[in-house]
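Peer 1: I'm passing along run14.pdb; it holds PDB, C-alpha atoms.
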```
ATOM      1  CA  ASP M   3      95.947  87.057 144.386
ATOM      2  CA  PHE M   4      97.692  84.859 141.796
ATOM      3  CA  ASP M   5      95.858  81.747 140.606
ATOM      4  CA  LEU M   6      98.682  79.359 139.681
ATOM      5  CA  LYS M   7      96.182  76.664 138.647
ATOM      6  CA  GLN M   8      95.140  78.840 135.664
ATOM      7  CA  TYR M   9      98.734  78.835 134.376
ATOM      8  CA  GLU M  10      99.578  75.205 135.142
ATOM      9  CA  LEU M  11      99.051  73.972 131.578
ATOM     10  CA  SER M  12     100.894  76.831 129.864
ATOM     11  CA  LEU M  13     103.895  76.537 132.220
ATOM     12  CA  SER M  14     104.283  72.785 131.772
ATOM     13  CA  PRO M  15     107.895  71.901 130.883
ATOM     14  CA  LEU M  16     106.663  68.943 128.823
ATOM     15  CA  PRO M  17     104.660  69.194 125.589
ATOM     16  CA  ASN M  18     101.054  68.027 125.751
ATOM     17  CA  LYS M  19      97.973  67.915 123.542
ATOM     18  CA  GLN M  20      96.027  70.621 125.353
ATOM     19  CA  HIS M  21      96.272  74.304 124.530
ATOM     20  CA  ALA M  22      96.966  76.916 127.130
ATOM     21  CA  HIS M  23      94.126  79.032 128.523
ATOM     22  CA  PRO M  24      91.853  80.186 126.894
ATOM     23  CA  THR M  25      90.606  77.228 124.869
ATOM     24  CA  PRO M  26      88.254  78.479 122.125
ATOM     25  CA  HIS M  27      89.055  75.390 120.053
ATOM     26  CA  LEU M  28      86.988  73.314 122.484
ATOM     27  CA  ARG M  29      83.754  74.977 121.329
ATOM     28  CA  GLY M  30      80.995  72.761 119.994
ATOM     29  CA  ASP M  31      80.058  71.993 116.433
ATOM     30  CA  SER M  32      78.426  75.372 115.799
ATOM     31  CA  TYR M  33      81.899  76.558 114.683
ATOM     32  CA  PRO M  34      83.372  73.468 112.974
ATOM     33  CA  PHE M  35      86.408  75.081 111.284
ATOM     34  CA  TYR M  36      89.641  76.604 112.552
ATOM     35  CA  LEU M  37      90.355  79.963 110.946
ATOM     36  CA  ILE M  38      94.031  80.507 110.200
ATOM     37  CA  THR M  39      95.916  83.324 108.578
ATOM     38  CA  PHE M  40      99.227  83.540 106.731
ATOM     39  CA  LYS M  41     101.262  85.808 104.472
ATOM     40  CA  HIS M  42     102.842  85.089 101.121
ATOM     41  CA  MET M  43     106.606  85.558 101.261
ATOM     42  CA  HIS M  44     106.593  88.234  98.575
ATOM     43  CA  ARG M  45     104.123  90.276 100.670
ATOM     44  CA  ASN M  46     106.424  90.153 103.715
ATOM     45  CA  GLN M  47     105.168  91.557 107.039
ATOM     46  CA  SER M  48     104.148  94.993 105.839
ATOM     47  CA  GLY M  49     100.531  96.008 105.426
ATOM     48  CA  ASN M  50     101.379  98.574 102.772
ATOM     49  CA  THR M  51     102.625  96.068 100.176
ATOM     50  CA  SER M  52      99.183  96.281  98.574
ATOM     51  CA  THR M  53     100.344  99.608  97.074
ATOM     52  CA  ASN M  54     103.454  98.111  95.424
ATOM     53  CA  PRO M  55     102.846  97.855  91.640
ATOM     54  CA  ILE M  56     105.582  95.253  91.120
ATOM     55  CA  LEU M  57     104.190  92.938  93.792
ATOM     56  CA  ASN M  58     100.672  93.501  92.488
ATOM     57  CA  SER M  59     101.691  92.060  89.124
ATOM     58  CA  LEU M  60     102.869  88.752  90.651
ATOM     59  CA  GLY M  61     100.740  85.642  90.622
ATOM     60  CA  ASN M  62      97.052  85.054  91.198
ATOM     61  CA  ASP M  63      96.830  87.003  94.462
ATOM     62  CA  ALA M  64      97.335  90.371  92.767
ATOM     63  CA  ASP M  65      93.640  91.291  92.735
ATOM     64  CA  GLU M  66      92.292  89.873  96.005
ATOM     65  CA  ASN M  67      92.846  87.268  98.661
ATOM     66  CA  SER M  68      90.640  84.207  98.777
ATOM     67  CA  ILE M  69      89.072  81.959 101.385
ATOM     68  CA  LEU M  70      91.077  78.752 101.154
ATOM     69  CA  LEU M  71      88.903  75.674 101.577
ATOM     70  CA  ASN M  72      89.817  72.010 101.294
ATOM     71  CA  ARG M  73      88.682  70.764  97.884
ATOM     72  CA  GLN M  74      86.922  67.664  99.266
ATOM     73  CA  VAL M  75      84.963  69.802 101.780
ATOM     74  CA  GLY M  76      83.967  72.072  98.907
ATOM     75  CA  ILE M  77      82.758  69.139  96.836
ATOM     76  CA  GLU M  78      80.784  67.713  99.774
ATOM     77  CA  ARG M  79      79.128  71.092 100.394
ATOM     78  CA  LYS M  80      78.569  71.733  96.672
ATOM     79  CA  ILE M  81      80.770  74.834  96.732
ATOM     80  CA  LYS M  82      82.444  75.813  93.486
ATOM     81  CA  ASP M  83      85.821  77.465  93.038
ATOM     82  CA  ARG M  84      85.500  81.313  93.115
ATOM     83  CA  GLN M  85      81.981  81.112  94.653
ATOM     84  CA  TRP M  86      81.068  83.856  97.119
ATOM     85  CA  VAL M  87      80.614  82.613 100.703
ATOM     86  CA  GLU M  88      80.428  84.105 104.162
ATOM     87  CA  ILE M  89      82.674  83.255 107.115
ATOM     88  CA  GLU M  90      81.245  83.800 110.603
ATOM     89  CA  THR M  91      83.104  83.776 113.919
ATOM     90  CA  PRO M  92      81.844  84.719 117.388
ATOM     91  CA  VAL M  93      82.980  88.313 116.721
ATOM     92  CA  GLY M  94      81.876  88.982 113.142
ATOM     93  CA  LYS M  95      81.236  88.015 109.528
ATOM     94  CA  LEU M  96      82.887  88.668 106.206
ATOM     95  CA  LYS M  97      82.347  87.713 102.578
ATOM     96  CA  GLY M  98      84.866  86.459 100.083
ATOM     97  CA  ARG M  99      85.511  84.120  97.196
ATOM     98  CA  VAL M 100      86.465  80.501  97.825
ATOM     99  CA  GLN M 101      89.616  78.958  96.432
ATOM    100  CA  LEU M 102      89.369  75.170  96.582
ATOM    101  CA  THR M 103      92.722  73.553  97.317
ATOM    102  CA  GLU M 104      94.358  70.370  98.541
ATOM    103  CA  THR M 105      96.853  72.405 100.567
ATOM    104  CA  ILE M 106      94.641  72.952 103.606
ATOM    105  CA  ARG M 107      93.190  70.544 106.150
ATOM    106  CA  PRO M 108      89.473  69.650 105.962
ATOM    107  CA  ASP M 109      88.830  71.202 109.410
ATOM    108  CA  THR M 110      90.511  74.501 108.531
ATOM    109  CA  ILE M 111      89.792  77.660 106.539
ATOM    110  CA  GLY M 112      92.660  79.958 105.602
ATOM    111  CA  ILE M 113      92.647  83.632 104.624
ATOM    112  CA  SER M 114      95.866  85.481 103.822
ATOM    113  CA  TYR M 115      96.738  88.438 105.980
ATOM    114  CA  HIS M 116      98.008  90.925 103.414
ATOM    115  CA  TYR M 117      94.819  92.408 101.966
ATOM    116  CA  GLY M 118      91.868  94.445 103.139
ATOM    117  CA  GLN M 119      93.997  97.041 104.908
ATOM    118  CA  GLN M 120      91.825  99.749 106.428
ATOM    119  CA  SER M 121      94.424 102.442 107.170
ATOM    120  CA  THR M 122      93.076 105.877 106.270
ATOM    121  CA  GLY M 123      96.305 106.890 104.500
ATOM    122  CA  LEU M 124      96.103 104.116 101.922
ATOM    123  CA  PRO M 125      94.440 104.594  98.519
ATOM    124  CA  GLU M 126      91.171 102.759  97.874
ATOM    125  CA  TYR M 127      92.800 100.169  95.582
ATOM    126  CA  ALA M 128      95.033  99.123  98.496
ATOM    127  CA  LYS M 129      91.964  98.319 100.630
ATOM    128  CA  LYS M 130      90.767  95.566  98.273
ATOM    129  CA  GLY M 131      90.274  92.050  99.537
ATOM    130  CA  ILE M 132      89.323  90.480 102.835
ATOM    131  CA  TRP M 133      90.309  92.170 106.097
ATOM    132  CA  ILE M 134      90.796  89.110 108.304
ATOM    133  CA  ASN M 135      91.391  91.201 111.469
ATOM    134  CA  SER M 136      87.710  92.085 111.604
ATOM    135  CA  ILE M 137      86.689  88.524 112.523
ATOM    136  CA  LEU M 138      89.681  87.173 114.485
ATOM    137  CA  GLU M 139      89.184  86.658 118.195
ATOM    138  CA  SER M 140      91.793  87.924 120.620
ATOM    139  CA  HIS M 141      93.412  85.073 122.568
ATOM    140  CA  PRO M 142      96.810  86.172 123.866
ATOM    141  CA  ASP M 143      98.962  83.458 125.391
ATOM    142  CA  VAL M 144      98.910  83.738 129.180
ATOM    143  CA  VAL M 145     102.700  83.427 129.462
ATOM    144  CA  SER M 146     104.161  85.330 126.518
ATOM    145  CA  GLY M 147     101.276  87.682 125.767
ATOM    146  CA  MET M 148     101.626  86.832 122.067
ATOM    147  CA  GLU M 149      98.403  86.664 120.094
ATOM    148  CA  SER M 150      97.173  83.227 119.057
ATOM    149  CA  PHE M 151      96.050  83.805 115.474
ATOM    150  CA  ASN M 152      95.013  80.212 114.855
ATOM    151  CA  ASP M 153      92.508  79.613 117.661
ATOM    152  CA  THR M 154      89.479  81.386 116.200
ATOM    153  CA  LYS M 155      86.727  78.961 115.251
ATOM    154  CA  CYS M 156      84.362  79.732 112.371
ATOM    155  CA  ARG M 157      81.532  78.445 110.230
ATOM    156  CA  LEU M 158      81.045  78.634 106.486
ATOM    157  CA  ILE M 159      77.774  80.026 105.160
ATOM    158  CA  THR M 160      76.742  79.657 101.532
ATOM    159  CA  ALA M 161      74.045  81.673  99.788
TER     160      ALA M 161
END
```
In structure tokens, what does this structure look like?

Peer 2:
Amino acid sequence: DFDLKQYELSLSPLPNKQHAHPTPHLRGDSYPFYLITFKHMHRNQSGNTSTNPILNSLGNDADENSILLNRQVGIERKIKDRQWVEIETPVGKLKGRVQLTETIRPDTIGISYHYGQQSTGLPEYAKKGIWINSILESHPDVVSGMESFNDTKCRLITA
């Protein structure tokens, strides 16, 4: 039995403001932020770049990844740059240091995807940082099957 009504929105030939099923972004205020992930270009798409000594000497992300938070939101919540906070989603929690920035929307928290690898074959120094996978919800698109990495909602908890 195929329920075409469930796929009606995702199969629409015209763009619209609604997301396809499922719709975790419609949750209430208990999870006020979107949680997004990204990779720096020099880290590419490989999880093992955390073992590359040349890449590890580049820029301010060589030691750990940070929780990117809009600077104005940080000021309003009395959160300082590099302060330890906790991010909670419906599937888990993690701790990390905040990086206040103007480069992210006030309703969004960003954590880069290239740190915190948990593969058993990697050395301990390669496992540093935040492992974002541990708190991302799984919301594959009903048509393509591709994972929707930007639909997890979260809350920010300070000590």

Peer 1: May I ask for the distance between CA of Gly118 in chain M and CA of Glu88 in chain M, given in Å to one decimal place?

Peer 2: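 Between these atoms lies a distance of 15.5 Å.
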
Peer 1: Please indicate the distance in Å from CA of Asn135 in chain M to CA of Ile89 in chain M, rounded to one decimal place.

Peer 2: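 Computed distance, CA of Asn135 in chain M to CA of Ile89 in chain M, equals 12.6 Å.
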
Peer 1: Run through the PyMOL selection byres ((chain M and resi 109-111) around 6) on the given coordinates and return the selected residues as number ranges by chain.

Peer 2: M: 35-37, 70-71, 107-108, 112

Peer 1: How would the residues just chosen look if you wrote them out with C-alpha atoms as a PDB file, keeping the file's coordinate frame?

Peer 2:
```pdb
ATOM      1  CA  PHE M  35      86.408  75.081 111.284  1.00  0.00           C
ATOM      2  CA  TYR M  36      89.641  76.604 112.552  1.00  0.00           C
ATOM      3  CA  LEU M  37      90.355  79.963 110.946  1.00  0.00           C
ATOM      4  CA  LEU M  70      91.077  78.752 101.154  1.00  0.00           C
ATOM      5  CA  LEU M  71      88.903  75.674 101.577  1.00  0.00           C
ATOM      6  CA  ARG M 107      93.190  70.544 106.150  1.00  0.00           C
ATOM      7  CA  PRO M 108      89.473  69.650 105.962  1.00  0.00           C
ATOM      8  CA  GLY M 112      92.660  79.958 105.602  1.00  0.00           C
TER       9      GLY M 112
END
```

Peer 1: Tell me which of M:Thr103, M:Thr39, M:Ser121, M:Asn72 sits closest to Leu138 in chain M, counting only C-alpha atoms.

Peer 2: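 Result for the nearest residue to Leu138 in chain M: M:Thr39.
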
Peer 1: From the options M:Lys95, M:Gln101, M:Ser14, M:Glu66, which residue's atoms come nearest to Ile81 in chain M, counting only C-alpha atoms?

Peer 2: M:Gln101

Peer 1: What separation in Å, quoted to one decimal, exists between CA of Val75 in chain M and CA of Leu158 in chain M?

Peer 2: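 CA of Leu158 in chain M lies at a distance of 10.7 Å from CA of Val75 in chain M.
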
Peer 1: Please determine, counting all atoms listed in the file, which residue among M:Gly131, M:Pro142, M:Pro125, M:Gly98 has the shortest atom-to-atom distance to Gln85 in chain M.

Peer 2: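 So, comparing all the options, the nearest one is M:Gly98.
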
Peer 1: Can you work out which one of M:Leu16, M:Tyr33, M:Glu10, M:Phe4 has the shortest atom-to-atom distance to Glu90 in chain M, counting all atoms listed in the file?

Peer 2: M:Tyr33

Peer 1: For Ala161 in chain M, which residue among M:Val87, M:Pro17, M:Glu149, M:Ile106 is the nearest when counting all atoms listed in the file?

Peer 2: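 Of M:Val87, M:Pro17, M:Glu149, M:Ile106, the one nearest Ala161 in chain M, counting all atoms listed in the file, is M:Val87.
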
Peer 1: Ranking M:Glu139, M:Asp5, M:Glu126, M:Asp83 by minimum distance to Ser68 in chain M and counting all atoms listed in the file, which one comes first?

Peer 2: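 The shortest atom-to-atom distance to Ser68 in chain M comes from M:Asp83.
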
Peer 1: Could you add the missing atoms to range 116-137 of chain M, up to N, CA, C and O atoms, and return them as a short mmCIF file (atom, residue, chain, number, x, y, z; two decimals), in the frame of the given file?

Peer 2:
```cif
data_model
loop_
_atom_site.label_atom_id
_atom_site.label_comp_id
_atom_site.auth_asym_id
_atom_site.auth_seq_id
_atom_site.Cartn_x
_atom_site.Cartn_y
_atom_site.Cartn_z
N HIS M 116 97.41 89.75 104.02
CA HIS M 116 98.01 90.92 103.41
C HIS M 116 97.05 91.79 102.59
O HIS M 116 97.50 92.66 101.86
N TYR M 117 95.77 91.57 102.70
CA TYR M 117 94.82 92.41 101.97
C TYR M 117 93.77 92.98 102.91
O TYR M 117 93.70 92.61 104.07
N GLY M 118 92.95 93.87 102.36
CA GLY M 118 91.87 94.44 103.14
C GLY M 118 92.33 95.47 104.15
O GLY M 118 91.62 95.75 105.12
N GLN M 119 93.50 96.04 103.96
CA GLN M 119 94.00 97.04 104.91
C GLN M 119 93.01 98.19 105.02
O GLN M 119 92.43 98.63 104.02
N GLN M 120 92.81 98.69 106.21
CA GLN M 120 91.82 99.75 106.43
C GLN M 120 92.44 101.07 106.86
O GLN M 120 91.75 101.98 107.28
N SER M 121 93.76 101.20 106.77
CA SER M 121 94.42 102.44 107.17
C SER M 121 93.92 103.61 106.33
O SER M 121 93.82 103.50 105.11
N THR M 122 93.65 104.72 106.97
CA THR M 122 93.08 105.88 106.27
C THR M 122 94.04 106.47 105.25
O THR M 122 93.61 107.08 104.28
N GLY M 123 95.34 106.31 105.43
CA GLY M 123 96.30 106.89 104.50
C GLY M 123 96.49 106.11 103.22
O GLY M 123 97.15 106.59 102.30
N LEU M 124 95.92 104.93 103.12
CA LEU M 124 96.10 104.12 101.92
C LEU M 124 95.06 104.46 100.86
O LEU M 124 93.92 104.80 101.19
N PRO M 125 95.42 104.37 99.58
CA PRO M 125 94.44 104.59 98.52
C PRO M 125 93.40 103.47 98.51
O PRO M 125 93.62 102.39 99.04
N GLU M 126 92.27 103.73 97.89
CA GLU M 126 91.17 102.76 97.87
C GLU M 126 91.58 101.41 97.26
O GLU M 126 91.16 100.37 97.72
N TYR M 127 92.41 101.44 96.20
CA TYR M 127 92.80 100.17 95.58
C TYR M 127 93.62 99.30 96.54
O TYR M 127 93.67 98.09 96.38
N ALA M 128 94.25 99.89 97.53
CA ALA M 128 95.03 99.12 98.50
C ALA M 128 94.15 98.48 99.56
O ALA M 128 94.60 97.62 100.30
N LYS M 129 92.89 98.86 99.63
CA LYS M 129 91.96 98.32 100.63
C LYS M 129 91.16 97.14 100.10
O LYS M 129 90.28 96.64 100.77
N LYS M 130 91.49 96.69 98.88
CA LYS M 130 90.77 95.57 98.27
C LYS M 130 91.01 94.28 99.06
O LYS M 130 92.01 94.13 99.76
N GLY M 131 90.10 93.35 98.91
CA GLY M 131 90.27 92.05 99.54
C GLY M 131 89.65 91.94 100.91
O GLY M 131 88.96 92.84 101.38
N ILE M 132 89.93 90.83 101.56
CA ILE M 132 89.32 90.48 102.84
C ILE M 132 90.20 90.97 103.98
O ILE M 132 91.40 90.67 104.03
N TRP M 133 89.61 91.69 104.91
CA TRP M 133 90.31 92.17 106.10
C TRP M 133 90.07 91.17 107.22
O TRP M 133 89.09 91.23 107.95
N ILE M 134 90.96 90.21 107.37
CA ILE M 134 90.80 89.11 108.30
C ILE M 134 90.74 89.58 109.76
O ILE M 134 90.08 88.97 110.60
N ASN M 135 91.39 90.70 110.08
CA ASN M 135 91.39 91.20 111.47
C ASN M 135 89.99 91.41 112.01
O ASN M 135 89.77 91.29 113.21
N SER M 136 89.05 91.73 111.14
CA SER M 136 87.71 92.08 111.60
C SER M 136 86.96 90.91 112.21
O SER M 136 85.96 91.12 112.91
N ILE M 137 87.42 89.67 111.98
CA ILE M 137 86.69 88.52 112.52
C ILE M 137 87.55 87.61 113.39
O ILE M 137 87.10 86.57 113.85
#
```
